[in-house]
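Below: one structure, written as structure tokens.
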Amino acid sequence: MKTTEPQNWYATRSLEDDVTYICEPHIKEFFRCNIWHIRGRDRDMLIDSGMGVVSLREWVPIVTERPCVAVSSHTHFDHIGCHHEFEERWVHRDEAEIQAAPTRNSTLADPYVTDDIFTQLPPAPYSSTEYAVKAAPATRILDDGDMLDVGDRHFEVIHTPGHSPGGIMVFEHATGILFSGDIVYDGPLIDDSYHSDIDVYVATMKRIHDLPVRVVHGGHFPSFDGSRYRALIRSYLDAKGA
């Protein structure tokens with residue numbers, strides 16, 4: 001399979017509300033994490049950081065222009081691969097241990113990371129069999145209801161276990177913008193990993209259904225509006241007989 005030069009590994013797109021979408025286009029869509037950069041007055045915030053096979057700070061200038069904190073929606077391999085590159089790293093307490101001492105099993109690199117998840121391989125000397133997330137111990141432990149302050153913008157942490165124990169969403173009440181991680185996105189939802197819990201997932205979906213969201217930026221697949229958000233939650237609950 002062809003390899004890609006590091007300068008071509010990432011793609012970015014500016015959105016409304018001082019949000020920038022960053023992705024790794026040579027990873028197949030199902031496995032490709034959405035990386036979200038949010039501009040604040042006093043500092044910026046990055047929600048998730050991709051696989052970590054190419055340096056984010058070296059090749060995506062927007063993440064180094066100002067102080068920037070890396071927030072983990074959860075600690076699977078596709079979401080925290082470049083967290084070690086940032087001085088400030090925030091994660092929910094239920095997955096802080098994984099982020100501090102990640103393994104291929106705990107981050108789901110096993111069984112998902114193979115050459116088959118790519119359309120073009122990362123630059124040499126990348127090897128799927130040797131891939132591992134680097135340790136990025138938390139500098140702040142997050143809990144449900146915590147507020148993330150970037151100066152002129154404030155985001156609430158909403159603990160959303162089910163996909164994983166320490167999954168979170170990040171919600172800006174003033175604008176109705178929700179960064180939903182992997183608990184809800186417009187694609188196949190995963191509730192069968194080693195630390196998923198379907199009963200807990202169902203309870204989370206019921207709890208978050210009525211959140212007054214305007215736009216949702218998920219952990220995977222395209223963004224969508226509040227109506228689609230509620231439809232996706234209802235579809236999941238219906239599928240589980242809930």
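Labels used: A, B, ... for chains in the order of the structure tokens, numbers from 1 for residues in each chain, and numbers from 1 for ligands as shown.
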
With only C-alpha atoms counted and 8 Å as the cut-off, give the residues of region 87-173 of chain A in contact with region 201-224 of chain A, each with its shortest interatomic distance in Å and the pair that gives it, as a Markdown table.
| residue | atom | partner | partner_atom | distance |
| --- | --- | --- | --- | --- |
| A:Thr160 | CA | A:Thr204 | CA | 5.8 |
| A:Pro161 | CA | A:Tyr201 | CA | 6.3 |
| A:Gly162 | CA | A:Tyr201 | CA | 3.7 |
| A:His163 | CA | A:Tyr201 | CA | 6.6 |

Find the residues of region 5-31 of chain A that sit at most 12 Å from region 181-189 of chain A; for each, write down the nearest two atoms and how far apart they are in Å, to one decimal. Count only C-alpha atoms. Sort by chain, then by number going up, and give it as a tab-separated table.
residue	atom	partner	partner_atom	distance
A:Glu29	CA	A:Gly187	CA	9.8
A:Phe30	CA	A:Gly187	CA	8.1
A:Phe31	CA	A:Pro188	CA	11.0

Using only C-alpha atoms, find each residue of region 13-60 of chain A with at least one atom at most 12 Å away from an atom of region 168-173 of chain A; report its shortest atom-to-atom pair and that distance in Å (one decimal), sort the rows by chain and rising residue number, and return the result as CSV.
residue,atom,partner,partner_atom,distance
A:Asp17,CA,A:Glu172,CA,10.8
A:Trp36,CA,A:Val170,CA,11.2
A:Ile38,CA,A:Glu172,CA,11.1
A:Met45,CA,A:Val170,CA,11.0
A:Leu46,CA,A:Val170,CA,11.2
A:Ile47,CA,A:Val170,CA,8.8
A:Asp48,CA,A:Ile168,CA,11.2

Restricted to C-alpha atoms, what would the selected residues look like written as a short mmCIF file (atom, residue, chain, number, x, y, z; two decimals), in the first residue's frame?
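This is the output file selection_4.cif:
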data_model
loop_
_atom_site.label_atom_id
_atom_site.label_comp_id
_atom_site.auth_asym_id
_atom_site.auth_seq_id
_atom_site.Cartn_x
_atom_site.Cartn_y
_atom_site.Cartn_z
CA ASP A 17 -18.47 29.63 15.75
CA TRP A 36 -12.27 19.64 16.89
CA ILE A 38 -12.26 25.62 19.35
CA MET A 45 -9.34 23.85 23.19
CA LEU A 46 -8.79 20.66 21.20
CA ILE A 47 -11.32 17.87 21.58
CA ASP A 48 -9.53 14.63 20.69
#

Quick one: residues within 12 Å of Ala132 (chain A), only C-alpha atoms counted, chain neighbours fewer than 3 positions away excluded, as a VMD selection string? chain A and resid 51 to 53 76 to 78 80 to 82 99 101 to 110 112 to 114 126 to 129 135

CA of Val91 (chain A) to CA of Asp152 (chain A) measures 21.6 Å

Residues at most 8 Å from Arg153 (chain A), counting only C-alpha atoms, excluding those fewer than 4 positions away in the same chain, as an MDAnalysis selection string? chainID A and resid 40:41 149 172

Could you take the residues named above and write them with C-alpha atoms, as a PDB file, in the first residue's frame?
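again.pdb, written as the output of this step:
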ATOM      1  CA  GLY A  40     -11.257  30.950  22.861  1.00  0.00           C
ATOM      2  CA  ARG A  41     -10.254  34.401  24.053  1.00  0.00           C
ATOM      3  CA  ASP A 149     -13.439  27.902  30.533  1.00  0.00           C
ATOM      4  CA  GLU A 172     -21.762  25.206  25.054  1.00  0.00           C
TER       5      GLU A 172
END
